[in-house]
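The file run-v9.txt comes next; it holds compact mmCIF, C-alpha atoms.
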# COMPACT_ATOMS: atom_id res chain seq x y z
CA MET I 21 -68.97 -16.22 100.39
CA GLN I 22 -71.07 -14.13 102.65
CA ALA I 23 -69.13 -11.75 104.86
CA ALA I 24 -70.42 -12.84 108.27
CA VAL I 25 -69.78 -16.49 107.52
CA ARG I 26 -66.23 -15.69 106.38
CA LEU I 27 -65.60 -13.77 109.59
CA GLN I 28 -66.89 -16.57 111.79
CA LYS I 29 -64.91 -19.14 109.86
CA GLN I 30 -61.76 -17.10 110.48
CA TYR I 31 -62.74 -16.64 114.13
CA ILE I 32 -62.70 -20.42 114.58
CA LEU I 33 -59.53 -20.96 112.55
CA ASP I 34 -57.74 -18.36 114.67
CA CYS I 35 -58.39 -20.63 117.65
CA GLN I 36 -56.47 -23.60 116.23
CA LEU I 37 -53.35 -24.65 118.13
CA PRO I 38 -50.21 -26.28 116.67
CA SER I 39 -51.34 -29.56 118.27
CA GLY I 40 -54.37 -29.59 115.97
CA THR I 41 -57.18 -28.86 118.40
CA PHE I 42 -58.88 -25.51 119.08
CA LEU I 43 -59.25 -23.09 121.96
CA LEU I 44 -62.75 -22.17 123.12
CA GLY I 45 -62.08 -18.64 121.90
CA PRO I 46 -59.11 -16.54 120.73
CA ASP I 47 -58.67 -15.08 124.22
CA ARG I 48 -59.44 -18.29 126.11
CA LYS I 49 -56.92 -20.74 127.49
CA GLN I 50 -59.28 -23.72 127.56
CA VAL I 51 -59.87 -26.58 125.16
CA ASN I 52 -63.26 -28.28 125.34
CA PRO I 53 -63.25 -31.20 122.86
CA TYR I 54 -67.05 -31.49 122.87
CA PHE I 55 -67.61 -27.87 121.89
CA THR I 56 -64.83 -28.19 119.32
CA ASN I 57 -66.51 -31.20 117.72
CA LEU I 58 -69.70 -29.17 117.31
CA ALA I 59 -67.92 -26.01 116.16
CA LEU I 60 -66.04 -27.64 113.30
CA ILE I 61 -68.97 -29.28 111.50
CA PRO I 62 -69.77 -26.23 109.32
CA LEU I 63 -66.08 -25.77 108.50
CA ILE I 64 -66.28 -29.02 106.52
CA ARG I 65 -68.86 -27.51 104.19
CA LEU I 66 -66.49 -24.57 103.73
CA GLY I 67 -63.63 -26.83 102.65
CA GLU I 68 -61.49 -26.76 105.80
CA CYS I 69 -61.20 -30.55 105.98
CA LYS I 70 -57.51 -30.73 106.91
CA ASN I 71 -58.09 -28.55 109.96
CA VAL I 72 -60.95 -30.82 111.01
CA GLN I 73 -58.83 -33.94 110.51
CA SER I 74 -56.11 -32.41 112.69
CA HIS I 75 -58.54 -31.98 115.57
CA ALA I 76 -60.07 -35.44 115.05
CA ASP I 77 -56.59 -36.96 115.29
CA TRP I 78 -55.74 -34.85 118.35
CA TYR I 79 -58.88 -36.22 120.00
CA LEU I 80 -57.84 -39.82 119.40
CA ARG I 81 -54.30 -39.18 120.68
CA ASN I 82 -55.50 -37.60 123.90
CA ARG I 83 -57.75 -40.27 125.36
CA ASN I 84 -57.09 -41.02 129.00
CA GLU I 85 -56.47 -44.41 130.58
CA HIS I 86 -60.22 -45.09 130.60
CA GLY I 87 -60.60 -44.31 126.91
CA TYR I 88 -62.31 -40.91 127.26
CA VAL I 89 -61.12 -37.36 126.58
CA ASN I 90 -60.87 -34.60 129.17
CA ASP I 91 -60.79 -30.84 128.88
CA PHE I 92 -57.40 -29.15 128.63
CA LEU I 93 -55.79 -25.87 129.69
CA VAL I 94 -52.95 -23.97 128.05
CA ARG I 95 -49.98 -23.74 130.41
CA GLY I 96 -47.22 -21.75 128.78
CA GLU I 97 -46.37 -23.55 125.55
CA ARG I 98 -48.15 -26.82 126.32
CA LEU I 99 -51.60 -28.24 126.90
CA GLU I 100 -52.34 -29.69 130.32
CA ASP I 101 -55.03 -32.32 130.89
CA THR I 102 -57.45 -31.06 133.57
CA GLY I 103 -58.38 -34.63 134.53
CA THR I 104 -62.08 -33.92 134.10
CA ALA I 105 -64.74 -33.40 131.44
CA ASP I 106 -68.36 -32.28 131.38
CA SER I 107 -69.37 -35.64 129.96
CA GLU I 108 -67.97 -38.77 128.35
CA ASP I 109 -70.98 -39.86 126.31
CA SER I 110 -71.46 -36.64 124.31
CA TYR I 111 -67.74 -36.12 123.70
CA HIS I 112 -67.40 -39.44 121.85
CA ALA I 113 -70.80 -39.13 120.16
CA THR I 114 -70.09 -35.69 118.69
CA TRP I 115 -66.69 -36.93 117.46
CA PHE I 116 -68.54 -39.58 115.43
CA SER I 117 -70.90 -36.91 114.07
CA LEU I 118 -67.99 -34.66 113.10
CA VAL I 119 -66.12 -37.44 111.31
CA ALA I 120 -69.29 -38.68 109.58
CA GLU I 121 -69.81 -35.19 108.17
CA LEU I 122 -66.18 -35.20 107.04
CA MET I 123 -66.69 -38.49 105.22
CA ARG I 124 -69.91 -37.31 103.58
CA TYR I 125 -68.16 -34.21 102.26
CA GLU I 126 -64.66 -35.42 101.47
CA GLY I 127 -64.93 -39.22 101.54
CA ASP I 128 -61.29 -39.98 102.39
CA ARG I 129 -61.86 -43.60 103.30
CA GLU I 130 -58.14 -44.33 103.65
CA TRP I 131 -57.90 -41.73 106.42
CA LEU I 132 -60.88 -43.38 108.09
CA ARG I 133 -59.60 -46.92 107.55
CA ASP I 134 -56.33 -46.03 109.27
CA ARG I 135 -58.41 -45.12 112.33
CA GLU I 136 -60.82 -48.06 112.34
CA GLN I 137 -59.46 -49.52 115.58
CA GLU I 138 -59.81 -46.17 117.35
CA CYS I 139 -63.39 -45.89 116.07
CA LEU I 140 -64.12 -49.32 117.55
CA GLU I 141 -62.65 -48.19 120.87
CA LEU I 142 -64.83 -45.06 120.91
CA LEU I 143 -67.90 -47.20 120.22
CA GLU I 144 -66.87 -49.42 123.11
CA GLY I 145 -66.54 -46.33 125.30
CA ILE I 146 -70.13 -45.32 124.59
CA ALA I 147 -71.28 -48.92 125.05
CA ARG I 148 -69.82 -48.97 128.57
CA LEU I 149 -72.01 -45.99 129.45
CA GLN I 150 -75.20 -47.31 127.85
CA GLN I 151 -77.65 -49.02 130.19
CA LYS I 152 -80.41 -51.57 129.71
CA ASP I 153 -82.97 -48.82 129.04
CA GLY I 154 -80.86 -47.63 126.10
CA LEU I 155 -79.79 -44.40 127.80
CA THR I 156 -76.22 -43.43 128.62
CA TRP I 157 -74.74 -42.11 131.81
CA ALA I 158 -73.02 -38.76 131.35
CA LYS I 159 -69.84 -40.28 132.80
CA SER I 160 -68.89 -43.55 134.39
CA SER I 161 -68.27 -41.55 137.57
CA TYR I 162 -71.49 -39.50 137.20
CA ARG I 163 -74.41 -41.83 136.64
CA VAL I 164 -77.02 -39.39 135.41
CA LYS I 165 -78.95 -39.85 132.17
CA TYR I 166 -79.33 -36.42 130.57
CA LEU I 167 -81.82 -35.76 127.79
CA MET I 168 -79.45 -33.49 125.88
CA ASP I 169 -76.54 -35.92 126.07
CA ASN I 170 -78.66 -38.83 124.94
CA CYS I 171 -80.02 -36.97 121.92
CA GLU I 172 -76.41 -36.35 120.88
CA VAL I 173 -75.57 -40.00 121.60
CA ALA I 174 -78.45 -41.27 119.43
CA LYS I 175 -77.21 -39.08 116.57
CA GLY I 176 -73.57 -40.03 117.18
CA LEU I 177 -74.38 -43.74 117.11
CA GLU I 178 -76.32 -43.29 113.87
CA ASP I 179 -73.28 -41.55 112.44
CA ALA I 180 -71.05 -44.35 113.75
CA THR I 181 -73.32 -46.79 111.88
CA PHE I 182 -72.61 -44.85 108.68
CA LEU I 183 -68.86 -44.83 109.32
CA PHE I 184 -68.68 -48.56 109.98
CA SER I 185 -70.72 -49.19 106.84
CA LEU I 186 -68.07 -47.30 104.87
CA LEU I 187 -65.45 -49.49 106.51
CA GLU I 188 -67.51 -52.59 105.67
CA ASN I 189 -67.26 -53.61 109.31
CA HIS I 190 -70.64 -55.31 109.42
CA ALA I 191 -70.48 -56.39 113.07
CA ALA I 192 -69.66 -52.90 114.32
CA CYS I 193 -72.22 -51.38 111.95
CA ARG I 194 -74.92 -53.66 113.34
CA GLU I 195 -73.93 -52.94 116.93
CA ALA I 196 -73.92 -49.17 116.44
CA LYS I 197 -77.31 -49.33 114.71
CA LEU I 198 -78.86 -51.40 117.50
CA ARG I 199 -77.42 -49.11 120.15
CA ALA I 200 -78.66 -46.01 118.31
CA GLU I 201 -82.20 -47.39 118.16
CA ALA I 202 -82.08 -48.45 121.83
CA CYS I 203 -81.00 -44.94 122.78
CA ARG I 204 -83.73 -43.38 120.64
CA GLN I 205 -86.38 -45.58 122.27
CA GLY I 206 -84.99 -44.76 125.70
CA ILE I 207 -85.33 -41.05 124.95
CA LEU I 208 -88.95 -41.50 123.82
CA ARG I 209 -89.68 -43.20 127.14
CA MET I 210 -88.42 -40.06 128.92
CA TYR I 211 -91.50 -38.26 127.58
CA SER I 212 -94.47 -37.79 129.92
CA PRO I 213 -97.86 -37.27 128.19
CA LEU I 214 -99.18 -35.92 131.50
CA ARG I 215 -96.45 -33.27 131.81
CA LYS I 216 -96.20 -32.79 128.02
CA SER I 217 -92.43 -32.70 128.28
CA PHE I 218 -89.34 -34.89 128.38
CA ALA I 219 -87.46 -35.45 131.61
CA VAL I 220 -84.42 -33.15 131.73
CA PHE I 221 -82.52 -36.00 133.36
CA ASN I 222 -83.60 -39.29 134.93
CA ARG I 223 -87.20 -38.53 136.01
CA SER I 224 -86.77 -34.81 136.71
CA PHE I 225 -89.07 -32.68 134.54
CA PRO I 226 -88.52 -29.08 133.42
CA ASN I 227 -89.33 -25.89 135.24
CA TRP I 228 -90.54 -23.89 132.26
CA ARG I 229 -89.45 -20.62 133.85
CA LYS I 230 -85.82 -21.75 133.81
CA TRP I 231 -83.88 -21.46 130.55
CA TYR I 232 -80.96 -23.86 131.11
CA PRO I 233 -81.08 -26.78 131.34
CA ASP I 234 -84.86 -26.97 131.60
CA ALA I 235 -86.30 -25.21 128.55
CA THR I 236 -83.20 -25.72 126.40
CA SER I 237 -83.23 -29.47 126.99
CA GLN I 238 -86.67 -29.74 125.40
CA ALA I 239 -85.28 -28.42 122.12
CA PHE I 240 -82.87 -31.32 121.68
CA PRO I 241 -85.42 -34.02 120.74
CA ILE I 242 -86.61 -31.53 118.10
CA MET I 243 -83.13 -30.68 116.84
CA TYR I 244 -82.16 -34.33 116.45
CA GLY I 245 -85.46 -35.48 114.92
CA ILE I 246 -86.42 -37.76 117.79
CA ALA I 247 -89.68 -36.17 118.95
CA PRO I 248 -92.70 -37.14 116.79
CA PRO I 249 -94.16 -34.11 114.93
CA GLU I 250 -97.11 -33.53 117.27
CA ILE I 251 -94.84 -33.61 120.34
CA ALA I 252 -92.26 -31.40 118.62
CA HIS I 253 -94.91 -28.76 117.85
CA SER I 254 -96.22 -28.87 121.40
CA LEU I 255 -92.72 -28.53 122.87
CA TYR I 256 -91.79 -25.68 120.57
CA GLN I 257 -94.97 -23.84 121.49
CA ARG I 258 -94.09 -24.16 125.18
CA ILE I 259 -90.51 -22.98 124.56
CA THR I 260 -91.69 -19.90 122.65
CA SER I 261 -94.45 -19.20 125.17
CA SER I 262 -92.06 -19.40 128.10
CA PHE I 263 -89.29 -17.42 126.38
CA PRO I 264 -90.98 -15.44 123.59
CA GLN I 265 -87.86 -13.38 122.91
CA PHE I 266 -85.22 -16.10 123.13
CA GLU I 267 -83.99 -15.26 119.64
CA ARG I 268 -83.13 -11.80 121.00
CA PHE I 269 -81.34 -13.56 123.89
CA GLN I 270 -83.82 -12.37 126.51
CA THR I 271 -83.32 -15.38 128.76
CA ASP I 272 -81.73 -15.83 132.19
CA ASP I 273 -78.41 -16.86 130.60
CA PRO I 274 -75.62 -14.61 129.28
CA TYR I 275 -74.59 -17.23 126.70
CA PRO I 276 -76.33 -17.04 123.31
CA TRP I 277 -77.39 -20.67 122.87
CA MET I 278 -77.34 -20.52 119.07
CA ALA I 279 -78.39 -24.18 119.16
CA MET I 280 -81.89 -22.92 119.87
CA GLY I 281 -81.82 -21.34 116.43
CA VAL I 282 -81.31 -24.83 115.02
CA CYS I 283 -84.46 -25.89 116.87
CA ALA I 284 -86.35 -22.95 115.33
CA LEU I 285 -85.00 -23.91 111.92
CA ARG I 286 -86.21 -27.50 112.30
CA MET I 287 -89.66 -26.11 113.10
CA GLY I 288 -89.65 -23.89 110.01
CA ASP I 289 -89.57 -20.68 112.08
CA TYR I 290 -87.33 -18.81 109.66
CA ALA I 291 -88.33 -15.36 110.92
CA ARG I 292 -87.04 -16.21 114.38
CA VAL I 293 -83.81 -17.65 112.94
CA THR I 294 -83.20 -14.45 110.97
CA ARG I 295 -83.79 -12.30 114.06
CA MET I 296 -81.40 -14.51 116.02
CA LEU I 297 -78.66 -14.06 113.43
CA ASP I 298 -79.23 -10.29 113.35
CA THR I 299 -79.20 -9.98 117.14
CA ALA I 300 -76.17 -12.25 117.54
CA GLN I 301 -74.18 -9.94 115.29
CA ALA I 302 -75.24 -6.84 117.18
CA LEU I 303 -75.04 -8.19 120.73
CA TYR I 304 -72.30 -10.84 120.66
CA ILE I 305 -70.11 -10.64 117.56
CA GLU I 306 -69.84 -6.85 117.56
CA GLY I 307 -71.39 -5.97 120.91
CA PRO I 308 -71.06 -6.01 124.70
CA ARG I 309 -71.53 -9.76 125.15
CA ARG I 310 -68.56 -10.67 122.98
CA PRO I 311 -66.75 -12.50 125.86
CA TYR I 312 -69.58 -15.07 125.84
CA TRP I 313 -69.16 -15.80 122.11
CA LEU I 314 -67.24 -19.10 121.82
CA ILE I 315 -66.36 -21.36 118.90
CA HIS I 316 -69.41 -23.60 119.11
CA GLU I 317 -71.65 -20.53 118.97
CA ALA I 318 -69.74 -19.34 115.89
CA GLY I 319 -70.21 -22.78 114.36
CA ARG I 320 -73.96 -22.74 114.96
CA PHE I 321 -74.11 -19.19 113.57
CA MET I 322 -72.48 -20.41 110.35
CA GLU I 323 -74.75 -23.45 110.21
CA LEU I 324 -77.86 -21.27 110.48
CA ALA I 325 -76.61 -18.71 107.97
CA LEU I 326 -75.73 -21.39 105.45
CA GLU I 327 -78.97 -23.30 105.96
CA THR I 328 -81.23 -20.27 105.59
CA GLY I 329 -79.27 -18.81 102.66
CA ASP I 330 -79.95 -15.33 104.00
CA VAL I 331 -78.36 -12.96 101.46
CA ARG I 332 -77.38 -10.51 104.17
CA PHE I 333 -74.97 -13.08 105.51
Could you show the structure in this file as structure tokens?
Amino acid sequence: MQAAVRLQKQYILDCQLPSGTFLLGPDRKQVNPYFTNLALIPLIRLGECKNVQSHADWYLRNRNEHGYVNDFLVRGERLEDTGTADSEDSYHATWFSLVAELMRYEGDREWLRDREQECLELLEGIARLQQKDGLTWAKSSYRVKYLMDNCEVAKGLEDATFLFSLLENHAACREAKLRAEACRQGILRMYSPLRKSFAVFNRSFPNWRKWYPDATSQAFPIMYGIAPPEIAHSLYQRITSSFPQFERFQTDDPYPWMAMGVCALRMGDYARVTRMLDTAQALYIEGPRRPYWLIHEAGRFMELALETGDVRF
């Protein structure tokens, strides 16, 4: 296995706690279940399925009274629920995507079957947030419909459809599929032909001089295969025109945003992906921005390295 991928795999594994979930970084005291869901997906391809199952089970055990999962802090020897989360829709959606990847790789249907009721409850949690236009609120207490969240929700509901098909739960499979398509159509309606962009949230359109959340949000319909090809090409051209050196992390954000490399990959821009991997090693993994390198960035790094098959990695 390529050296950089091995190192990033170990970086993530070093963040695992006895409870089963993962810290944001080896020197961090925070647990963000959403970022963990994203970080662990490439570990499945590397055979670390038991570690992934441990986190997936931790997630189910730590739902609050409303059925959602908050962020946690390490206090001494225990984890303390902070009582808040960045979102509720994306947390559940990315859990479905993580577990779907686990099933595609390992296929332990008995493990999944034992958690069928919890899967139904997570689907219900997303359903409570989904509105008539197909889009989800970020949280029941924060009624904003974000483009990025909804792209993850559309993917998560598609993955939930796959999981319920494995369980032969035809009613839940049908519901998840209908909700996924409603969300996808809702996202497409966020696009403005006049502005040649998607709304970042509700009807607020991007300032193309601002990296996050404005420019980065426009990558998500590309990453998740929602934007039609002609719109995807137009959006990517605007992203690269506005931030021509984003793969060298010349943005207004100290965080690397390796997810943007996934966008470049989807557009076939392999040269930019390779530069991003090179620069990430020099600037974040081994360089001065190391404090901003967290597990989800390591996960995206592995995903890109594995997808491109770059022999240097």
One-decimal distance in Å that lies between CA of Ala300 in chain I and CA of Ala279 in chain I: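 The value is 12.2 Å.
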Leu167 in chain I: which residues within 9 Å, counting all atoms listed in the file, same-chain residues fewer than 3 positions away excluded, as a PDB file with C-alpha atoms, keeping the file's coordinate frame?
ATOM      1  CA  LEU I 155     -79.790 -44.400 127.800  1.00  0.00           C
ATOM      2  CA  ASN I 170     -78.660 -38.830 124.940  1.00  0.00           C
ATOM      3  CA  CYS I 171     -80.020 -36.970 121.920  1.00  0.00           C
ATOM      4  CA  GLU I 172     -76.410 -36.350 120.880  1.00  0.00           C
ATOM      5  CA  ILE I 207     -85.330 -41.050 124.950  1.00  0.00           C
ATOM      6  CA  MET I 210     -88.420 -40.060 128.920  1.00  0.00           C
ATOM      7  CA  PHE I 218     -89.340 -34.890 128.380  1.00  0.00           C
ATOM      8  CA  ALA I 219     -87.460 -35.450 131.610  1.00  0.00           C
ATOM      9  CA  VAL I 220     -84.420 -33.150 131.730  1.00  0.00           C
ATOM     10  CA  PHE I 221     -82.520 -36.000 133.360  1.00  0.00           C
ATOM     11  CA  ASN I 222     -83.600 -39.290 134.930  1.00  0.00           C
ATOM     12  CA  SER I 237     -83.230 -29.470 126.990  1.00  0.00           C
ATOM     13  CA  GLN I 238     -86.670 -29.740 125.400  1.00  0.00           C
ATOM     14  CA  PHE I 240     -82.870 -31.320 121.680  1.00  0.00           C
ATOM     15  CA  PRO I 241     -85.420 -34.020 120.740  1.00  0.00           C
TER      16      PRO I 241
END
Long-range neighbours of Glu327 in chain I as an MDAnalysis selection string, 12 Å cut-off, only C-alpha atoms, 3 positions minimum in chain: chainID I and resid 25 62 65 281:282 284:286 288 290 293:294 297 320:324 330:331 333
Distance of CA of Ser39 in chain I from CA of Phe92 in chain I, expressed in Å to one decimal place: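 Those two atoms sit 12.0 Å apart.
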Neighbour list for Gln301 in chain I as JSON, numbers by chain, cut-off 10 Å, all atoms listed in the file, skip fewer than 6 positions in-chain: {"I": [24, 295, 307, 310, 321]}
For Arg135 in chain I: contacts at 12 Å, only C-alpha atoms, fewer than 3 positions along chain excluded, given as a list in words: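 Near Arg135 in chain I, the qualifying residues are Gln73, Ala76, Asp77, Tyr79, Leu80, Arg81, Phe116, Val119, Asp128, Arg129, Glu130, Trp131, Leu132, Glu138, Cys139, Leu140, Glu141, Leu142, Leu183, Phe184 and Leu187 of chain I.
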Counting all atoms listed in the file, the option among I:Arg199, I:Arg209, I:Lys49, I:His112 closest to Glu97 in chain I: I:Lys49
Radius query 10 Å about (-70.5, -43.4, 112.1), atoms used: all atoms listed in the file, as a list in words: Ala113, Trp115, Phe116, Ser117, Leu118, Val119, Ala120, Glu121, Met123, Cys139, Leu143, Lys175, Gly176, Leu177, Glu178, Asp179, Ala180, Thr181, Phe182, Leu183, Phe184, Ser185, Leu186, Leu187, Ala192, Cys193, Ala196 and Lys197 of chain I
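The closest residue to Met168 in chain I, picked from I:Thr328, I:Thr156, I:Gln205, I:Asn90 and counting only C-alpha atoms, is I:Thr156.
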For Gly45 in chain I, the nearest of the candidates I:Ala252, I:Val173, I:Pro311, I:Ala325, counting only C-alpha atoms: I:Pro311
Selected residue, from I:Ala302, I:Ala235, I:Val51, I:Leu122, that lies nearest to Asp91 in chain I when counting all atoms listed in the file: I:Val51
